[in-house]
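**Student:** Input structure: my_file_10.cif, which contains mmCIF, C-alpha atoms.
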```
data_query
loop_
_atom_site.label_atom_id
_atom_site.label_comp_id
_atom_site.auth_asym_id
_atom_site.auth_seq_id
_atom_site.Cartn_x
_atom_site.Cartn_y
_atom_site.Cartn_z
CA MET A 12 3.46 18.58 0.02
CA LEU A 13 2.85 15.56 2.24
CA LYS A 14 6.24 14.19 3.33
CA ILE A 15 6.11 10.48 4.12
CA VAL A 16 8.42 7.70 5.30
CA ILE A 17 7.84 4.05 4.35
CA VAL A 18 8.85 1.29 6.78
CA GLU A 19 8.53 -2.18 5.21
CA ASP A 20 10.96 -5.10 5.56
CA ASP A 21 9.99 -6.68 2.22
CA ARG A 22 12.01 -4.62 -0.27
CA MET A 23 9.74 -5.36 -3.21
CA VAL A 24 6.63 -4.38 -1.28
CA ALA A 25 8.42 -1.24 -0.07
CA ALA A 26 9.24 -0.31 -3.67
CA LEU A 27 5.64 -0.92 -4.73
CA ASN A 28 4.30 1.21 -1.86
CA SER A 29 6.73 3.95 -2.83
CA GLN A 30 5.47 3.83 -6.43
CA PHE A 31 1.88 4.05 -5.19
CA ALA A 32 2.74 6.99 -2.93
CA GLU A 33 4.66 8.97 -5.56
CA LYS A 34 1.77 8.40 -7.96
CA THR A 35 -0.56 10.27 -5.61
CA PRO A 36 -0.70 14.06 -6.16
CA GLY A 37 0.70 16.13 -3.30
CA VAL A 38 2.83 13.31 -1.83
CA LYS A 39 6.62 12.91 -1.59
CA VAL A 40 8.51 9.90 -0.18
CA VAL A 41 11.50 11.27 1.77
CA ALA A 42 12.91 7.94 3.01
CA THR A 43 12.34 4.19 3.00
CA PHE A 44 13.50 1.81 5.73
CA HIS A 45 13.44 -1.98 5.97
CA ASN A 46 13.49 -2.25 9.76
CA GLY A 47 11.96 -0.34 12.63
CA ARG A 48 15.17 0.56 14.46
CA ASP A 49 16.72 2.46 11.54
CA ALA A 50 13.40 4.19 10.94
CA LEU A 51 13.18 5.23 14.59
CA ALA A 52 16.70 6.72 14.53
CA PHE A 53 15.77 8.75 11.45
CA LEU A 54 12.38 9.88 12.72
CA GLU A 55 13.80 10.99 16.05
CA GLN A 56 15.79 13.62 14.14
CA ARG A 57 13.40 14.52 11.33
CA ASP A 58 9.88 15.88 11.12
CA VAL A 59 7.63 14.18 8.57
CA ASP A 60 3.89 14.27 8.02
CA LEU A 61 3.09 10.58 7.65
CA VAL A 62 4.64 7.16 8.27
CA LEU A 63 3.50 4.05 6.37
CA LEU A 64 4.22 1.14 8.71
CA ASP A 65 4.35 -2.59 8.09
CA LEU A 66 3.05 -4.41 11.15
CA PHE A 67 5.06 -7.63 10.90
CA MET A 68 8.82 -6.87 11.02
CA PRO A 69 11.74 -8.54 12.85
CA GLU A 70 13.33 -6.87 15.89
CA MET A 71 10.77 -4.05 16.10
CA SER A 72 7.22 -4.37 14.83
CA GLY A 73 5.30 -1.51 13.28
CA LEU A 74 3.21 -1.17 16.46
CA GLU A 75 6.33 -1.08 18.62
CA LEU A 76 7.83 1.59 16.37
CA LEU A 77 4.68 3.69 16.48
CA GLU A 78 4.52 3.35 20.27
CA ALA A 79 8.18 4.44 20.55
CA LEU A 80 7.49 7.48 18.37
CA ARG A 81 4.51 8.49 20.53
CA HIS A 82 6.60 8.16 23.70
CA ARG A 83 9.11 10.56 22.11
CA GLY A 84 6.40 13.09 21.45
CA LYS A 85 6.23 12.49 17.69
CA THR A 86 2.74 13.31 16.43
CA MET A 87 3.00 12.51 12.72
CA ASP A 88 0.12 10.58 11.18
CA ALA A 89 0.55 6.84 10.68
CA ILE A 90 -1.04 4.29 8.36
CA MET A 91 -0.55 0.59 9.14
CA ILE A 92 0.01 -1.63 6.10
CA THR A 93 -0.02 -5.33 6.85
CA ALA A 94 -1.21 -8.81 5.94
CA MET A 95 -2.34 -9.34 9.53
CA ASN A 96 -5.93 -8.25 10.16
CA ASP A 97 -6.51 -9.35 13.77
CA VAL A 98 -8.71 -7.22 15.98
CA ALA A 99 -6.10 -6.73 18.71
CA SER A 100 -3.59 -5.20 16.29
CA LEU A 101 -6.27 -2.94 14.84
CA GLN A 102 -7.33 -1.72 18.29
CA LYS A 103 -3.72 -1.07 19.33
CA ALA A 104 -2.98 0.84 16.13
CA LEU A 105 -6.03 3.03 16.62
CA GLN A 106 -5.10 3.68 20.25
CA LEU A 107 -1.70 4.88 19.05
CA GLY A 108 -3.33 7.30 16.64
CA ALA A 109 -3.13 5.42 13.33
CA VAL A 110 -5.43 7.18 10.85
CA ASP A 111 -5.97 4.11 8.66
CA TYR A 112 -5.23 0.38 8.49
CA LEU A 113 -4.67 -1.30 5.12
CA VAL A 114 -4.70 -5.09 4.78
CA LYS A 115 -2.57 -6.58 2.00
CA PRO A 116 -3.23 -7.01 -0.83
CA PHE A 117 -4.99 -3.74 -1.53
CA LEU A 118 -5.76 -1.76 -4.67
CA TYR A 119 -4.12 1.55 -5.52
CA GLU A 120 -7.48 3.31 -5.12
CA ARG A 121 -7.74 2.19 -1.48
CA PHE A 122 -4.13 3.26 -0.88
CA GLU A 123 -4.82 6.65 -2.43
CA GLN A 124 -7.98 7.03 -0.36
CA ALA A 125 -5.91 6.58 2.82
CA LEU A 126 -3.42 9.24 1.73
CA ASN A 127 -6.20 11.62 0.71
CA LYS A 128 -7.71 11.28 4.18
CA VAL A 129 -4.48 12.68 5.60
CA LEU A 130 -4.32 15.40 2.95
CA ILE A 131 -7.86 16.53 3.73
CA ARG A 132 -7.16 16.68 7.45
CA ARG A 133 -3.96 18.66 6.95
CA LYS A 134 -5.73 21.12 4.67
CA ALA A 135 -8.49 21.56 7.25
CA MET A 136 -5.92 22.34 9.96
CA GLU A 137 -4.03 24.78 7.74
CA LYS A 138 -7.25 26.63 6.97
CA GLY A 139 -8.48 26.57 10.56
CA MET A 140 -11.39 24.32 9.48
CA ASN A 141 -12.60 26.95 7.01
CA PHE A 142 -12.73 24.70 3.95
CA THR A 143 -15.51 24.06 1.48
CA GLN A 144 -17.02 20.99 -0.13
CA GLU A 145 -15.19 22.02 -3.32
CA ASP A 146 -11.89 21.84 -1.43
CA ILE A 147 -12.62 18.25 -0.41
CA ASP A 148 -13.85 17.27 -3.86
CA ALA A 149 -10.67 18.60 -5.46
CA ILE A 150 -8.54 16.45 -3.16
CA VAL A 151 -10.48 13.20 -3.46
CA SER A 152 -11.43 13.41 -7.14
CA ALA A 153 -8.24 11.63 -8.20
CA ALA A 154 -9.44 8.50 -6.40
CA ARG A 155 -12.58 8.22 -8.48
CA VAL A 156 -12.33 5.59 -11.20
CA ASN A 157 -14.75 4.70 -13.96
CA PRO A 158 -14.98 0.89 -13.63
CA SER A 159 -16.07 0.47 -17.23
CA SER A 160 -12.84 1.99 -18.50
CA ARG A 161 -10.36 0.25 -16.15
CA SER A 162 -9.89 -2.77 -18.39
CA LEU A 163 -8.85 -0.51 -21.28
CA GLU A 164 -6.55 1.82 -19.34
CA LEU A 165 -3.04 1.02 -18.14
CA ASP A 166 -1.28 2.95 -15.44
CA LYS A 167 1.72 5.03 -16.42
CA GLY A 168 4.73 2.85 -17.20
CA MET A 169 2.72 -0.33 -17.79
CA GLN A 170 3.09 -2.16 -21.09
CA ARG A 171 0.33 -4.03 -22.91
CA GLN A 172 2.73 -6.80 -23.97
CA THR A 173 3.79 -7.42 -20.37
CA LEU A 174 0.17 -7.43 -19.23
CA GLU A 175 -0.72 -10.05 -21.84
CA ARG A 176 2.20 -12.24 -20.78
CA ILE A 177 1.01 -12.25 -17.16
CA ARG A 178 -2.63 -12.59 -18.19
CA GLY A 179 -1.69 -15.63 -20.33
CA CYS A 180 0.19 -17.22 -17.44
CA MET A 181 -2.73 -16.77 -15.06
CA GLY A 182 -5.19 -18.01 -17.69
CA ALA A 183 -3.17 -21.19 -18.14
CA HIS A 184 -3.71 -21.95 -14.44
CA THR A 185 -7.37 -20.93 -14.17
CA GLY A 186 -8.79 -22.11 -10.86
CA ALA A 187 -5.40 -22.51 -9.17
CA TYR A 188 -3.78 -20.09 -6.75
CA LEU A 189 -0.30 -18.88 -7.70
CA THR A 190 2.19 -16.71 -5.85
CA ALA A 191 3.86 -13.73 -7.51
CA GLU A 192 7.12 -15.71 -7.33
CA GLN A 193 5.57 -18.56 -9.35
CA VAL A 194 4.23 -16.17 -11.99
CA ALA A 195 7.60 -14.42 -12.15
CA GLY A 196 9.34 -17.76 -12.66
CA GLU A 197 7.06 -18.71 -15.55
CA THR A 198 7.12 -15.32 -17.28
CA GLY A 199 10.74 -14.33 -16.67
CA LEU A 200 9.65 -11.03 -15.12
CA SER A 201 10.65 -9.56 -11.77
CA LYS A 202 8.40 -10.19 -8.77
CA ILE A 203 7.72 -6.48 -8.25
CA THR A 204 6.63 -6.15 -11.89
CA VAL A 205 4.39 -9.19 -11.57
CA ARG A 206 2.75 -7.84 -8.41
CA ARG A 207 2.03 -4.51 -10.05
CA TYR A 208 0.34 -6.14 -13.04
CA LEU A 209 -1.54 -8.63 -10.87
CA ASN A 210 -2.96 -5.70 -8.88
CA HIS A 211 -4.14 -4.24 -12.18
CA LEU A 212 -5.84 -7.54 -13.05
CA ILE A 213 -7.53 -7.51 -9.64
CA GLU A 214 -8.87 -4.03 -10.41
CA THR A 215 -10.29 -5.27 -13.71
CA ASP A 216 -11.93 -8.27 -12.02
CA GLU A 217 -9.81 -10.82 -13.88
CA VAL A 218 -7.89 -12.05 -10.83
CA VAL A 219 -8.75 -12.49 -7.15
CA SER A 220 -6.31 -12.77 -4.27
CA ARG A 221 -6.11 -14.27 -0.81
CA VAL A 222 -3.56 -14.31 2.03
CA ASP A 223 -2.15 -17.70 3.08
CA TYR A 224 -1.36 -17.76 6.82
CA THR A 225 -0.32 -21.44 6.91
CA THR A 226 3.24 -20.92 5.68
CA GLY A 227 4.82 -21.12 9.14
CA GLY A 228 6.50 -17.76 8.51
CA ARG A 229 5.42 -14.56 6.83
CA PRO A 230 1.92 -14.75 5.31
CA ARG A 231 2.00 -14.82 1.52
CA THR A 232 -0.39 -13.48 -1.06
CA GLU A 233 -1.75 -15.86 -3.70
CA TYR A 234 -3.61 -15.02 -6.91
CA ARG A 235 -6.22 -16.91 -8.93
CA HIS A 236 -7.50 -16.25 -12.45
CA ILE A 237 -11.27 -15.90 -12.73
CA LYS A 238 -12.78 -17.95 -15.55
CA LYS A 239 -15.31 -15.89 -17.51
#
```
Let me see the structure of the file written as structure tokens.
**Tutor:**
Amino acid sequence: MLKIVIVEDDRMVAALNSQFAEKTPGVKVVATFHNGRDALAFLEQRDVDLVLLDLFMPEMSGLELLEALRHRGKTMDAIMITAMNDVASLQKALQLGAVDYLVKPFLYERFEQALNKVLIRRKAMEKGMNFTQEDIDAIVSAARVNPSSRSLELDKGMQRQTLERIRGCMGAHTGAYLTAEQVAGETGLSKITVRRYLNHLIETDEVVSRVDYTTGGRPRTEYRHIKK
């Protein structure tokens, strides 16, 4: 079982990442933190296999946390999850041993692929590199999706009625970019629910997303309905 810790200051994003992680076979979330200092205090005392780190956090960034862990001799794997995709941050993360770097917003399949990369590597180490192609295929097969069936399938816990409510809201604003907060306000749903369903609509090619860096604060993700 891959034991992971999530460090993300946005509580709704942290909850969504936790849902994604728990949905992946062979993965268990042991703790979630909303700032780097609390996470560091925990990780100094506990051994985990993987840390999912947000880059942009107050007081201690994800890179600063990862650097502090390395200085303390902590060798757990790390995946950076962030809206910032600058080259300098990517290079620093790789220098500190990050095994992957996910830029928000991302699909569940890309998230699962990152976790499976860690699972494969751990299995290789446990077997002393004596693993077969069948071993790898068994681990990564869960990430394979039939695109033709995605529009008909809903992930566990998703409701068709809720999907149609969000789809209708986006369709009413075809061509315009909306935030999850705006969609939540119009539909009466929570922001975390809206984000989950919007990610599904991205997977089915009904919605596209972009990151707005002109807010003066944290970058925000915006979504636009695709007219077909």
**Student:** Run the PyMOL selection byres ((chain A and resi 214) around 10) mentally over the shown coordinates, then write out the matched residues as a JSON list (two decimals) with C-alpha atoms, in the frame of the given file, using the chain letters and numbers from the document.
**Tutor:**
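Saved to result.json:
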```json
[["chain", "number", "residue", "atom", "x", "y", "z"],
["A", 117, "PHE", "CA", -4.99, -3.74, -1.53],
["A", 118, "LEU", "CA", -5.76, -1.76, -4.67],
["A", 119, "TYR", "CA", -4.12, 1.55, -5.52],
["A", 120, "GLU", "CA", -7.48, 3.31, -5.12],
["A", 158, "PRO", "CA", -14.98, 0.89, -13.63],
["A", 161, "ARG", "CA", -10.36, 0.25, -16.15],
["A", 162, "SER", "CA", -9.89, -2.77, -18.39],
["A", 208, "TYR", "CA", 0.34, -6.14, -13.04],
["A", 209, "LEU", "CA", -1.54, -8.63, -10.87],
["A", 210, "ASN", "CA", -2.96, -5.70, -8.88],
["A", 211, "HIS", "CA", -4.14, -4.24, -12.18],
["A", 212, "LEU", "CA", -5.84, -7.54, -13.05],
["A", 213, "ILE", "CA", -7.53, -7.51, -9.64],
["A", 215, "THR", "CA", -10.29, -5.27, -13.71],
["A", 216, "ASP", "CA", -11.93, -8.27, -12.02],
["A", 217, "GLU", "CA", -9.81, -10.82, -13.88],
["A", 218, "VAL", "CA", -7.89, -12.05, -10.83],
["A", 219, "VAL", "CA", -8.75, -12.49, -7.15]]
```
**Student:** Can you spell out as number ranges by chain the set of residues that the PyMOL selection byres ((chain A and resi 168-177) around 10) selects in the structure I just provided?
**Tutor:** A: 163-167, 178-183, 194-195, 197-200, 204-209, 211-212
**Student:** Since we have the selection now, will you write its residues out, keeping C-alpha atoms, as a PDB file, in the coordinates of the input?
**Tutor:**
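Now in part_13.pdb:
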```
ATOM      1  CA  LEU A 163      -8.850  -0.510 -21.280  1.00  0.00           C
ATOM      2  CA  GLU A 164      -6.550   1.820 -19.340  1.00  0.00           C
ATOM      3  CA  LEU A 165      -3.040   1.020 -18.140  1.00  0.00           C
ATOM      4  CA  ASP A 166      -1.280   2.950 -15.440  1.00  0.00           C
ATOM      5  CA  LYS A 167       1.720   5.030 -16.420  1.00  0.00           C
ATOM      6  CA  ARG A 178      -2.630 -12.590 -18.190  1.00  0.00           C
ATOM      7  CA  GLY A 179      -1.690 -15.630 -20.330  1.00  0.00           C
ATOM      8  CA  CYS A 180       0.190 -17.220 -17.440  1.00  0.00           C
ATOM      9  CA  MET A 181      -2.730 -16.770 -15.060  1.00  0.00           C
ATOM     10  CA  GLY A 182      -5.190 -18.010 -17.690  1.00  0.00           C
ATOM     11  CA  ALA A 183      -3.170 -21.190 -18.140  1.00  0.00           C
ATOM     12  CA  VAL A 194       4.230 -16.170 -11.990  1.00  0.00           C
ATOM     13  CA  ALA A 195       7.600 -14.420 -12.150  1.00  0.00           C
ATOM     14  CA  GLU A 197       7.060 -18.710 -15.550  1.00  0.00           C
ATOM     15  CA  THR A 198       7.120 -15.320 -17.280  1.00  0.00           C
ATOM     16  CA  GLY A 199      10.740 -14.330 -16.670  1.00  0.00           C
ATOM     17  CA  LEU A 200       9.650 -11.030 -15.120  1.00  0.00           C
ATOM     18  CA  THR A 204       6.630  -6.150 -11.890  1.00  0.00           C
ATOM     19  CA  VAL A 205       4.390  -9.190 -11.570  1.00  0.00           C
ATOM     20  CA  ARG A 206       2.750  -7.840  -8.410  1.00  0.00           C
ATOM     21  CA  ARG A 207       2.030  -4.510 -10.050  1.00  0.00           C
ATOM     22  CA  TYR A 208       0.340  -6.140 -13.040  1.00  0.00           C
ATOM     23  CA  LEU A 209      -1.540  -8.630 -10.870  1.00  0.00           C
ATOM     24  CA  HIS A 211      -4.140  -4.240 -12.180  1.00  0.00           C
ATOM     25  CA  LEU A 212      -5.840  -7.540 -13.050  1.00  0.00           C
TER      26      LEU A 212
END
```
**Student:** Given all atoms listed in the file as the basis, pick out the residue of A:Lys115, A:Asp20, A:Tyr234, A:Ala26 nearest to A:Met68.
**Tutor:**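 Distance minimum relative to A:Met68 lands on A:Asp20.
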**Student:** For A:Lys14, find every residue with an atom within 10 Å (counting all atoms listed in the file), except residues of its own chain fewer than 4 positions away, and show them as a PyMOL selection string.
**Tutor:** chain A and resi 37-42+58-62
**Student:** Might you pull out every residue within 12 Å of A:Ala125, with only C-alpha atoms counted and same-chain residues fewer than 5 positions away left off, and present them as a PyMOL selection string?
**Tutor:** chain A and resi 31-32+35+38+61-63+88-92+109-114+117-120+130-132+150-151+154
**Student:** Restricting the calculation to all atoms listed in the file, which member of A:His45, A:Arg221, A:Arg57, A:Lys85 is positioned closest to A:Met71?
**Tutor:** A:His45
**Student:** Could you list, as a list in words, every residue within 12 Å of A:Glu55, counting all atoms listed in the file and ignoring same-chain residues fewer than 3 positions away?
**Tutor:**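 Once the adjacent positions are removed, what remains is Gly47, Arg48, Asp49, Ala50, Leu51, Ala52, Asp58, Val59, Leu76, Leu77, Ala79, Leu80, Arg81, His82, Arg83, Gly84, Lys85, Thr86 and Met87 of chain A.
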**Student:** Which distance in Å separates atom CA of A:Phe67 and atom CA of A:Ala187, to one decimal?
**Tutor:** 27.1 Å
**Student:** Quote the spacing between atom CA of A:Phe44 and atom CA of A:Glu19 in Å to one decimal place.
**Tutor:** 6.4 Å
**Student:** Rounded to one decimal, what separation in Å do you get between atom CA of A:Gln56 and atom CA of A:Ile17?
**Tutor:**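 These two atoms are separated by 15.8 Å.
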**Student:** Give as a list of chain:residue names each residue that has an atom at most 10 Å from (5.8, -13.3, 1.6) in the file, counting all atoms listed in the file.
**Tutor:** A:Asp21, A:Val24, A:Ala94, A:Thr190, A:Ala191, A:Glu192, A:Val222, A:Asp223, A:Tyr224, A:Thr226, A:Gly228, A:Arg229, A:Pro230, A:Arg231, A:Thr232, A:Glu233
